[in-house]
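Q: Handing over target.cif, mmCIF, C-alpha atoms.
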data_structure
loop_
_atom_site.label_atom_id
_atom_site.label_comp_id
_atom_site.auth_asym_id
_atom_site.auth_seq_id
_atom_site.Cartn_x
_atom_site.Cartn_y
_atom_site.Cartn_z
CA MET T 963 -67.60 -44.96 86.66
CA THR T 964 -67.38 -47.79 89.15
CA THR T 965 -64.57 -50.31 89.17
CA PRO T 966 -66.12 -53.79 89.25
CA GLU T 967 -62.74 -55.42 88.72
CA VAL T 968 -61.73 -54.49 92.26
CA LYS T 969 -64.51 -56.73 93.50
CA LYS T 970 -63.69 -59.63 91.20
CA ALA T 971 -64.57 -62.96 92.74
CA SER T 972 -61.65 -64.97 94.03
CA LYS T 973 -60.98 -68.58 93.15
CA ASN T 974 -63.45 -69.90 95.71
CA TYR T 975 -66.21 -67.90 93.96
CA HIS T 976 -67.62 -66.74 97.30
CA ASP T 977 -65.21 -64.11 98.56
CA THR T 978 -64.27 -60.97 96.72
CA MET T 979 -60.59 -60.51 96.01
CA ASP T 980 -60.36 -58.00 98.85
CA GLU T 981 -61.87 -60.51 101.27
CA SER T 982 -59.49 -63.22 100.11
CA ILE T 983 -56.52 -60.91 100.62
CA VAL T 984 -57.66 -60.20 104.17
CA LYS T 985 -57.83 -63.94 104.85
CA MET T 986 -54.41 -64.58 103.32
CA LYS T 987 -52.96 -61.73 105.34
CA MET T 988 -54.24 -63.31 108.55
CA THR T 989 -53.06 -66.78 107.59
CA PHE T 990 -49.57 -65.87 106.40
CA GLY T 991 -49.14 -63.32 109.16
CA ASN T 992 -49.78 -65.91 111.87
CA ALA T 993 -48.03 -68.81 110.15
CA SER T 994 -44.90 -68.07 112.17
CA LEU T 995 -46.63 -68.48 115.53
CA PRO T 996 -44.66 -71.19 117.42
CA GLU T 997 -47.55 -73.61 117.90
CA ILE T 998 -48.43 -73.40 114.20
CA PHE T 999 -44.96 -73.16 112.72
CA ALA T 1000 -43.65 -76.19 114.63
CA VAL T 1001 -46.28 -78.39 112.99
CA MET T 1002 -46.43 -76.86 109.51
CA VAL T 1003 -42.65 -76.90 109.02
CA THR T 1004 -42.92 -80.69 108.86
CA VAL T 1005 -44.58 -80.35 105.44
CA GLY T 1006 -42.17 -77.74 104.13
CA TYR T 1007 -43.46 -74.45 105.48
CA THR T 1008 -40.09 -73.12 106.53
CA ALA T 1009 -39.46 -69.55 107.67
CA GLU T 1010 -38.14 -68.79 104.18
CA LYS T 1011 -41.26 -70.14 102.50
CA ILE T 1012 -43.56 -68.21 104.81
CA ALA T 1013 -41.54 -65.05 104.19
CA ALA T 1014 -41.83 -65.61 100.44
CA MET T 1015 -45.62 -65.96 100.65
CA ASN T 1016 -45.84 -62.79 102.72
CA ALA T 1017 -43.68 -60.98 100.17
CA GLU T 1018 -45.97 -62.11 97.34
CA LEU T 1019 -48.96 -60.95 99.35
CA SER T 1020 -47.39 -57.55 99.92
CA GLN T 1021 -46.73 -57.25 96.19
CA LEU T 1022 -50.33 -58.24 95.46
CA GLU T 1023 -51.60 -55.51 97.76
CA THR T 1024 -49.39 -52.99 95.97
CA LEU T 1025 -50.76 -54.16 92.62
CA CYS T 1026 -54.32 -53.80 93.92
CA GLN T 1027 -53.63 -50.23 94.96
CA GLY T 1028 -52.05 -49.51 91.59
CA GLN T 1029 -55.05 -50.99 89.78
CA ILE T 1030 -57.44 -48.79 91.72
CA LYS T 1031 -55.36 -45.73 90.84
CA GLU T 1032 -55.33 -46.64 87.16
CA TYR T 1033 -59.12 -46.92 87.12
CA ALA T 1034 -59.40 -43.58 88.92
CA ASP T 1035 -57.22 -42.06 86.18
CA GLN T 1036 -59.41 -43.67 83.54
CA ASP T 1037 -62.56 -42.32 85.19
CA LEU T 1038 -61.09 -38.82 85.18
CA GLU T 1039 -60.25 -39.01 81.48
CA GLN T 1040 -63.70 -40.43 80.73
CA GLU T 1041 -65.35 -37.55 82.55
CA LYS T 1042 -63.25 -34.98 80.68
CA PHE T 1043 -64.05 -36.66 77.35
CA ASP T 1044 -67.78 -36.95 78.07
CA ASN T 1045 -68.07 -33.34 79.19
CA LYS T 1046 -66.25 -32.06 76.11
CA LYS T 1047 -68.29 -34.26 73.77
CA ASP T 1048 -71.57 -33.15 75.36
CA GLU T 1049 -70.53 -29.51 75.00
CA ILE T 1050 -69.69 -29.94 71.31
CA ASN T 1051 -72.80 -31.99 70.64
CA ALA T 1052 -75.09 -29.40 72.24
CA GLY T 1053 -73.71 -26.73 69.93
CA PHE T 1054 -74.00 -28.99 66.91
CA ASN T 1055 -77.62 -29.92 67.64
CA GLN T 1056 -78.53 -26.24 67.81
CA HIS T 1057 -76.62 -25.43 64.63
CA ARG T 1058 -78.19 -28.31 62.72
CA ALA T 1059 -81.68 -27.41 63.92
CA LEU T 1060 -81.15 -23.88 62.64
CA THR T 1061 -79.77 -25.04 59.28
CA ARG T 1062 -82.62 -27.50 58.79
CA ILE T 1063 -84.98 -24.55 58.93
CA LEU T 1064 -82.69 -22.29 56.90
CA PHE T 1065 -82.10 -24.77 54.06
CA LYS T 1066 -85.56 -26.30 53.83
CA GLY T 1067 -86.12 -27.12 50.16
CA ASP T 1068 -82.43 -26.60 49.30
CA ILE T 1069 -81.54 -30.19 48.39
CA GLN T 1070 -77.86 -29.50 47.62
CA SER T 1071 -77.19 -27.86 50.98
CA TRP T 1072 -79.34 -30.42 52.76
CA VAL T 1073 -77.32 -33.30 51.32
CA SER T 1074 -73.87 -31.74 51.69
CA LEU T 1075 -74.53 -30.94 55.35
CA GLN T 1076 -76.12 -34.40 55.89
CA LEU T 1077 -79.15 -32.79 57.50
CA ASP T 1078 -81.24 -35.90 56.90
CA THR T 1079 -78.85 -38.10 58.92
CA ASP T 1080 -79.66 -39.01 62.51
CA ASN T 1081 -77.14 -37.97 65.12
CA PRO T 1082 -75.37 -41.30 65.77
CA LYS T 1083 -74.33 -42.59 69.19
CA ALA T 1084 -71.22 -44.39 67.92
CA TYR T 1085 -68.21 -42.10 68.27
CA PRO T 1086 -66.63 -42.66 64.80
CA ALA T 1087 -69.89 -41.98 62.96
CA TRP T 1088 -70.67 -39.03 65.23
CA THR T 1089 -67.25 -37.50 64.60
CA GLN T 1090 -67.62 -37.96 60.85
CA LEU T 1091 -71.02 -36.26 60.84
CA LEU T 1092 -69.88 -33.22 62.81
CA THR T 1093 -66.55 -32.89 60.99
CA ASN T 1094 -68.31 -32.90 57.62
CA PHE T 1095 -70.94 -30.40 58.79
CA TYR T 1096 -68.44 -27.77 59.85
CA ALA T 1097 -65.97 -28.52 57.05
CA GLN T 1098 -68.70 -28.04 54.42
CA ILE T 1099 -69.61 -24.66 55.88
CA ALA T 1100 -65.99 -23.54 56.25
CA GLY T 1101 -65.12 -24.64 52.71
CA THR T 1102 -68.16 -23.22 50.94
CA PRO T 1103 -68.39 -19.40 50.94
CA ALA T 1104 -72.08 -19.45 49.93
CA LEU T 1105 -72.97 -21.69 52.85
CA GLN T 1106 -70.82 -19.65 55.21
CA THR T 1107 -72.54 -16.44 54.18
CA LYS T 1108 -76.02 -17.88 54.55
CA VAL T 1109 -75.54 -19.56 57.95
CA GLN T 1110 -74.28 -16.27 59.36
CA THR T 1111 -77.86 -15.04 59.05
CA VAL T 1112 -78.85 -17.47 61.82
CA GLY T 1113 -75.88 -16.68 64.04
CA ILE T 1114 -73.48 -19.41 62.90
CA THR T 1115 -70.38 -17.29 62.33
CA ALA T 1116 -67.01 -18.27 60.90
CA THR T 1117 -65.63 -17.98 64.43
CA THR T 1118 -68.27 -20.38 65.70
CA VAL T 1119 -67.52 -22.90 62.96
CA SER T 1120 -63.78 -22.68 63.60
CA ALA T 1121 -64.29 -23.10 67.35
CA GLN T 1122 -66.35 -26.25 66.85
CA SER T 1123 -63.78 -27.68 64.43
CA GLN T 1124 -60.97 -27.00 66.89
CA ALA T 1125 -63.02 -28.51 69.69
CA LEU T 1126 -63.42 -31.70 67.65
CA LEU T 1127 -59.65 -31.91 67.24
CA ALA T 1128 -59.20 -31.40 70.99
CA LEU T 1129 -61.79 -34.10 71.62
CA GLN T 1130 -59.82 -36.55 69.49
CA ILE T 1131 -56.76 -35.89 71.66
CA LEU T 1132 -58.88 -36.62 74.75
CA LYS T 1133 -60.11 -39.80 73.06
CA GLU T 1134 -56.54 -40.98 72.53
CA SER T 1135 -55.71 -40.17 76.15
CA LEU T 1136 -58.77 -42.11 77.27
CA ARG T 1137 -57.70 -45.11 75.18
CA LYS T 1138 -54.27 -44.96 76.81
CA GLU T 1139 -55.71 -44.80 80.33
CA THR T 1140 -58.12 -47.62 79.55
CA ALA T 1141 -55.30 -49.81 78.29
CA GLU T 1142 -53.19 -49.04 81.36
CA ALA T 1143 -56.12 -49.86 83.65
CA GLN T 1144 -56.65 -53.18 81.90
CA THR T 1145 -52.94 -53.99 82.08
CA ALA T 1146 -52.97 -53.21 85.80
CA THR T 1147 -55.97 -55.51 86.23
CA ASP T 1148 -54.32 -58.34 84.31
CA THR T 1149 -51.09 -57.98 86.30
CA ARG T 1150 -52.98 -57.97 89.59
CA ASP T 1151 -55.03 -61.00 88.56
CA ARG T 1152 -51.95 -62.99 87.58
CA ALA T 1153 -50.37 -62.22 90.94
CA PHE T 1154 -53.52 -63.31 92.73
CA ASP T 1155 -53.80 -66.48 90.65
CA ALA T 1156 -50.21 -67.37 91.55
CA LEU T 1157 -50.65 -66.79 95.28
CA TYR T 1158 -54.15 -68.01 96.06
CA PRO T 1159 -53.43 -71.73 95.38
CA GLN T 1160 -50.51 -71.50 97.84
CA TYR T 1161 -52.93 -70.19 100.46
CA THR T 1162 -55.52 -72.92 99.87
CA GLU T 1163 -52.84 -75.63 99.95
CA TYR T 1164 -51.49 -74.29 103.24
CA ILE T 1165 -54.99 -74.30 104.73
CA LYS T 1166 -55.59 -77.88 103.58
CA TYR T 1167 -52.39 -79.08 105.25
CA ALA T 1168 -53.21 -77.11 108.38
CA LYS T 1169 -56.66 -78.66 108.69
CA VAL T 1170 -55.10 -82.11 108.64
CA LEU T 1171 -52.08 -81.47 110.85
CA LEU T 1172 -53.83 -79.21 113.34
CA ALA T 1173 -57.22 -80.91 113.35
CA GLY T 1174 -59.17 -79.90 116.46
CA ASN T 1175 -56.43 -77.49 117.58
CA GLN T 1176 -57.62 -74.02 118.57
CA ALA T 1177 -54.50 -72.65 116.91
CA LEU T 1178 -56.35 -73.06 113.61
CA GLU T 1179 -58.42 -70.00 114.39
CA ALA T 1180 -55.27 -67.89 114.27
CA ILE T 1181 -54.95 -68.72 110.57
CA GLY T 1182 -58.63 -68.18 109.84
CA VAL T 1183 -59.99 -71.71 110.20
CA LYS T 1184 -62.97 -72.18 112.46
CA VAL T 1185 -62.60 -75.03 114.92
CA LYS T 1186 -65.76 -77.02 115.55
CA SER T 1187 -66.58 -77.40 119.20
CA ASN T 1188 -67.43 -80.85 120.48
#
Please render this file's structure as structure tokens.

A:
Amino acid sequence: MTTPEVKKASKNYHDTMDESIVKMKMTFGNASLPEIFAVMVTVGYTAEKIAAMNAELSQLETLCQGQIKEYADQDLEQEKFDNKKDEINAGFNQHRALTRILFKGDIQSWVSLQLDTDNPKAYPAWTQLLTNFYAQIAGTPALQTKVQTVGITATTVSAQSQALLALQILKESLRKETAEAQTATDTRDRAFDALYPQYTEYIKYAKVLLAGNQALEAIGVKVKSN
């Protein structure tokens, strides 16, 4: 799974967040240069204020790294869940195909095992279908005896039922990782939204106070040549 949130557009809608962070890092990092600082301090950009912006930027970078890790954790849980679900589903499809042949014309067994129901894609409906299928076999001696003739043993049924329980645990873990990834994204975005306007305001002041000065390039502003 990719992580599109990492490439979320910044407030100027042109740069990605990563690109905006690079620009802010250059700007705030060079804001203390003597030729820039001496001018910008006149509109309140003291050493303390510059340090505070750099501290916020450092925290934002940490939050970005944390967000990436959370999505990596989510991807890992998603892979584990998908692999387990595919494994269970493959067994179920084979078992149902066999029982559809075995119980052809047996309406009671056909209905109780829901053999006329399509295998749904939605997880809740899929879980219900498989849980019922194996529970009906496990709880009905006559069914259990008959399906053994096509290789669906009590051990096989029990293994599939246990696998479904294990899958539910993976599902809960995936939900947890997904929530943590979203929280990390929201926290990162709030930090960015708080810092980016400070950056744009600084640049606006700099363009006025340092108009035509080559020092602007040190904070990421191109100076037009005459």

Q: Using the chain letters and numbers from the file, which residues does the PyMOL selection byres ((chain T and resi 1161-1172) around 9) grab, as a list in words?

A: Met986, Thr989, Phe990, Ile998, Val1001, Met1002, Val1005, Tyr1007, Met1015, Leu1157, Tyr1158, Pro1159, Gln1160, Ala1173, Gly1174, Asn1175, Gln1176, Ala1177, Leu1178, Ile1181, Gly1182 and Val1183 of chain T

Q: Please produce a file of the residues just selected, as a PDB file, keeping the file's coordinate frame, where the atoms kept are C-alpha atoms.

A:
ATOM      1  CA  MET T 986     -54.410 -64.580 103.320  1.00  0.00           C
ATOM      2  CA  THR T 989     -53.060 -66.780 107.590  1.00  0.00           C
ATOM      3  CA  PHE T 990     -49.570 -65.870 106.400  1.00  0.00           C
ATOM      4  CA  ILE T 998     -48.430 -73.400 114.200  1.00  0.00           C
ATOM      5  CA  VAL T1001     -46.280 -78.390 112.990  1.00  0.00           C
ATOM      6  CA  MET T1002     -46.430 -76.860 109.510  1.00  0.00           C
ATOM      7  CA  VAL T1005     -44.580 -80.350 105.440  1.00  0.00           C
ATOM      8  CA  TYR T1007     -43.460 -74.450 105.480  1.00  0.00           C
ATOM      9  CA  MET T1015     -45.620 -65.960 100.650  1.00  0.00           C
ATOM     10  CA  LEU T1157     -50.650 -66.790  95.280  1.00  0.00           C
ATOM     11  CA  TYR T1158     -54.150 -68.010  96.060  1.00  0.00           C
ATOM     12  CA  PRO T1159     -53.430 -71.730  95.380  1.00  0.00           C
ATOM     13  CA  GLN T1160     -50.510 -71.500  97.840  1.00  0.00           C
ATOM     14  CA  ALA T1173     -57.220 -80.910 113.350  1.00  0.00           C
ATOM     15  CA  GLY T1174     -59.170 -79.900 116.460  1.00  0.00           C
ATOM     16  CA  ASN T1175     -56.430 -77.490 117.580  1.00  0.00           C
ATOM     17  CA  GLN T1176     -57.620 -74.020 118.570  1.00  0.00           C
ATOM     18  CA  ALA T1177     -54.500 -72.650 116.910  1.00  0.00           C
ATOM     19  CA  LEU T1178     -56.350 -73.060 113.610  1.00  0.00           C
ATOM     20  CA  ILE T1181     -54.950 -68.720 110.570  1.00  0.00           C
ATOM     21  CA  GLY T1182     -58.630 -68.180 109.840  1.00  0.00           C
ATOM     22  CA  VAL T1183     -59.990 -71.710 110.200  1.00  0.00           C
TER      23      VAL T1183
END

Q: So what do you get for atom CA of T:Ser1020 versus atom CA of T:Leu995, distance-wise?

A: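 Going from atom CA of T:Ser1020 over to atom CA of T:Leu995, I get 19.1 Å.
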
Q: Which protein, DNA or RNA residues are at most 6 Å from (-67.8, -29.3, 65.2) in the file's coordinates when you count all atoms listed in the file, listed as number ranges by chain?

A: T: 1092-1093, 1096, 1122-1123, 1126

Q: Can you give me, as a PyMOL selection string, the residues this file yields under the PyMOL selection byres ((chain T and resi 1099) around 10)?

A: chain T and resi 1071+1074-1075+1094-1098+1100-1109+1114-1116+1119-1120

Q: Take every atom of stretch 1129-1144 of chain T listed in the file, pad by 4 Å on each side, and give me the axis-aligned box centre and edge lengths in Å, one decimal, as lines of an AutoDock Vina configuration file.

A:
center_x = -57.5
center_y = -43.6
center_z = 76.6
size_x = 16.6
size_y = 27.1
size_z = 22.2

Q: Name the closest residue to T:Asp1080 among the candidates T:Ala1013, T:Ala1059, T:Leu1064, T:Ile1050; distances are taken between atoms, counting all atoms listed in the file.

A: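 Under the stated criterion, the closest residue is T:Ala1059.
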
Q: Of the candidates T:Lys1066, T:Lys1011, T:Arg1058, T:Lys1133, which one gets nearest to T:Glu1041 if we count all atoms listed in the file?

A: T:Lys1133

Q: Which neighbours of T:Leu1077 fall inside 8 Å, counting all atoms listed in the file, when residues of the same chain fewer than 5 positions from it are skipped, and could you give them as a ChimeraX atom specification?

A: /T:1058,1061-1062,1072

Q: Scan for residues within 12 Å of the point (-58.2, -42.6, 72.2) in the coordinates of the file, using all atoms listed in the file, and reply as a compact mmCIF listing (two decimals) with C-alpha atoms, keeping the file's coordinate frame.

A:
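Result saved to selection_18.txt:
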# COMPACT_ATOMS: atom_id res chain seq x y z
CA GLN T 1036 -59.41 -43.67 83.54
CA GLU T 1039 -60.25 -39.01 81.48
CA GLN T 1040 -63.70 -40.43 80.73
CA PHE T 1043 -64.05 -36.66 77.35
CA TYR T 1085 -68.21 -42.10 68.27
CA PRO T 1086 -66.63 -42.66 64.80
CA LEU T 1127 -59.65 -31.91 67.24
CA ALA T 1128 -59.20 -31.40 70.99
CA LEU T 1129 -61.79 -34.10 71.62
CA GLN T 1130 -59.82 -36.55 69.49
CA ILE T 1131 -56.76 -35.89 71.66
CA LEU T 1132 -58.88 -36.62 74.75
CA LYS T 1133 -60.11 -39.80 73.06
CA GLU T 1134 -56.54 -40.98 72.53
CA SER T 1135 -55.71 -40.17 76.15
CA LEU T 1136 -58.77 -42.11 77.27
CA ARG T 1137 -57.70 -45.11 75.18
CA LYS T 1138 -54.27 -44.96 76.81
CA GLU T 1139 -55.71 -44.80 80.33
CA THR T 1140 -58.12 -47.62 79.55
CA ALA T 1141 -55.30 -49.81 78.29

Q: Have a look at atom CA of T:Phe999 and atom CA of T:Lys1184 and let me know their distance in Å, one decimal.

A: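 Result for atom CA of T:Phe999 versus atom CA of T:Lys1184: 18.0 Å, one decimal.
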